[in-house]
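Trainee: Dumping the structure here so I can ask a few things about it.
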Amino acid sequence: MNEQFKVVFVGMADGKDQQSAAIAMADRLKTSPSKIQQFYAGKNLFAPADKAKALKQVKLLASAGINAKLQSQTAATPTNADQERVFEALDYITSSLIRIEERLEELEQRVAPTPHTKIEDTTDEEWETKELFDELDFEPSPPAKSKTWLYYLLAVLIILFILLGVSLFFPEWLALE
């Protein structure tokens, strides 16, 4: 198994202040300056990696004026880093859920600014009156059609079935000679 290294903050280069270096590094890494400030305090900025990748990370930090060094990572520490990532992810998810809940509450207040009891009372009264239906133009239902044609067709169909049955059971009656 390859040995893993993590990048640890040592100090600032001569003539560089932490705030400007944090802003510059945050722009390069596309992250927030607070993450870089946390790196100054001792938190990991990068995940533990092999030696070549960790050296590239140190050079990247040095280009912004941040001095860092490599620290060997033991086998038990990657699980701590993984646990830290999981906790950060859970923290992000819970904060997102809280923001979503706040937005939903705002939307509820926008949609229903009046109490529900007043709305229910007015809707009951509106449906009880028939004034709402007076405004609508209803077409009258078409007149009922007579069913005499239906009865004629049924009678002809029954007669044809009877003739079919007779021709099947008594073929000699209908034989043409």
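Ordering of the structure tokens sets the chain letters (A, B, ...); residue numbers start at 1 within each chain; ligands are numbered from 1 in the order shown.
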Pick out the residues sitting within 8 Å of Ala49 of chain A, and hand them over as a PyMOL selection string; count only C-alpha atoms, and ignore anything fewer than 2 positions along from it in its own chain.
Mentor: chain A and resi 4-6+47+51+53-54
Trainee: Just the residues within 12 Å of Lys16 of chain A, please, counting only C-alpha atoms, with nothing from its chain fewer than 3 positions along; format it as a compact mmCIF listing (two decimals) with all heavy atoms, in the first residue's frame.
Mentor:
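Result saved to selection29.txt:
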# COMPACT_ATOMS: atom_id res chain seq x y z
N GLY A 11 3.29 28.36 7.50
CA GLY A 11 3.35 29.81 7.71
C GLY A 11 3.15 30.52 6.38
O GLY A 11 2.84 29.92 5.36
N MET A 12 3.37 31.83 6.41
CA MET A 12 3.21 32.65 5.22
C MET A 12 4.58 33.05 4.70
O MET A 12 5.53 33.20 5.46
CB MET A 12 2.38 33.90 5.53
CG MET A 12 0.97 33.63 5.99
SD MET A 12 -0.02 32.70 4.82
CE MET A 12 -0.07 33.81 3.44
N ALA A 13 4.66 33.24 3.40
CA ALA A 13 5.90 33.73 2.79
C ALA A 13 6.12 35.18 3.21
O ALA A 13 5.18 35.87 3.62
CB ALA A 13 5.82 33.61 1.27
N GLN A 19 -5.01 37.00 4.52
CA GLN A 19 -6.29 37.30 3.89
C GLN A 19 -6.17 37.33 2.37
O GLN A 19 -6.96 36.73 1.66
CB GLN A 19 -6.83 38.64 4.42
CG GLN A 19 -8.23 38.97 3.96
CD GLN A 19 -9.26 38.00 4.51
OE1 GLN A 19 -9.05 37.36 5.53
NE2 GLN A 19 -10.37 37.88 3.81
N SER A 20 -5.18 38.06 1.85
CA SER A 20 -5.02 38.15 0.39
C SER A 20 -4.64 36.79 -0.20
O SER A 20 -5.08 36.43 -1.28
CB SER A 20 -3.99 39.22 0.02
OG SER A 20 -2.72 38.87 0.54
N ALA A 21 -3.79 36.03 0.51
CA ALA A 21 -3.42 34.70 0.03
C ALA A 21 -4.63 33.77 0.04
O ALA A 21 -4.80 32.95 -0.87
CB ALA A 21 -2.31 34.12 0.90
N ALA A 22 -5.49 33.91 1.04
CA ALA A 22 -6.69 33.06 1.11
C ALA A 22 -7.63 33.36 -0.06
O ALA A 22 -8.19 32.45 -0.67
CB ALA A 22 -7.41 33.27 2.44
N ILE A 23 -7.78 34.63 -0.40
CA ILE A 23 -8.65 35.01 -1.52
C ILE A 23 -8.08 34.50 -2.84
O ILE A 23 -8.79 33.95 -3.67
CB ILE A 23 -8.86 36.54 -1.54
CG1 ILE A 23 -9.67 36.96 -0.30
CG2 ILE A 23 -9.56 36.98 -2.81
CD1 ILE A 23 -9.76 38.46 -0.11
N ALA A 24 -6.76 34.66 -3.02
CA ALA A 24 -6.12 34.20 -4.26
C ALA A 24 -6.24 32.68 -4.39
O ALA A 24 -6.55 32.15 -5.47
CB ALA A 24 -4.66 34.63 -4.28
N ALA A 62 2.43 27.30 -2.46
CA ALA A 62 3.60 28.19 -2.43
C ALA A 62 3.46 29.29 -3.48
O ALA A 62 3.94 30.41 -3.27
CB ALA A 62 4.87 27.39 -2.67
N SER A 63 2.79 29.01 -4.59
CA SER A 63 2.62 30.03 -5.63
C SER A 63 1.73 31.18 -5.14
O SER A 63 1.81 32.29 -5.67
CB SER A 63 2.02 29.41 -6.89
OG SER A 63 0.68 29.01 -6.65
N ALA A 64 0.89 30.92 -4.13
CA ALA A 64 0.05 31.98 -3.56
C ALA A 64 0.68 32.60 -2.32
O ALA A 64 0.09 33.47 -1.70
CB ALA A 64 -1.32 31.41 -3.20
N GLY A 65 1.89 32.12 -1.93
CA GLY A 65 2.58 32.69 -0.78
C GLY A 65 2.28 31.96 0.52
O GLY A 65 2.54 32.49 1.60
N ILE A 66 1.76 30.74 0.43
CA ILE A 66 1.45 29.95 1.63
C ILE A 66 2.48 28.84 1.75
O ILE A 66 2.64 28.03 0.84
CB ILE A 66 0.03 29.34 1.53
CG1 ILE A 66 -1.01 30.43 1.35
CG2 ILE A 66 -0.27 28.48 2.74
CD1 ILE A 66 -2.40 29.91 1.03
N ASN A 67 3.21 28.83 2.86
CA ASN A 67 4.20 27.78 3.09
C ASN A 67 3.50 26.58 3.73
O ASN A 67 2.75 26.73 4.70
CB ASN A 67 5.32 28.27 4.01
CG ASN A 67 6.15 29.35 3.34
OD1 ASN A 67 6.27 29.40 2.13
ND2 ASN A 67 6.74 30.23 4.15
Trainee: Would you kindly return, as a ChimeraX atom specification, each protein, DNA or RNA residue with an atom no farther than 12 Å from any atom of Asp50 of chain A, considering only C-alpha atoms and excluding same-chain residues fewer than 5 positions away?
Mentor: /A:1-7,55-57,70-73
Trainee: Can you tell me, as a count of residues only, which residues in segment 38-91 of chain A count as strand (DSSP E) by DSSP?
Mentor: 8
Trainee: Between atom CA of Arg85 of chain A and atom CA of Leu104 of chain A, measure the distance and give it in Å to one decimal.
Mentor: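 Answer for the atom CA of Arg85 of chain A to atom CA of Leu104 of chain A separation: 28.5 Å.
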Trainee: Which residue gives the smallest distance to Ala68 of chain A among A:Ser141, A:Asn44, A:Thr148, A:Ser167, with only C-alpha atoms counted?
Mentor: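 Once distances to Ala68 of chain A are computed over only C-alpha atoms, the minimum belongs to A:Asn44.
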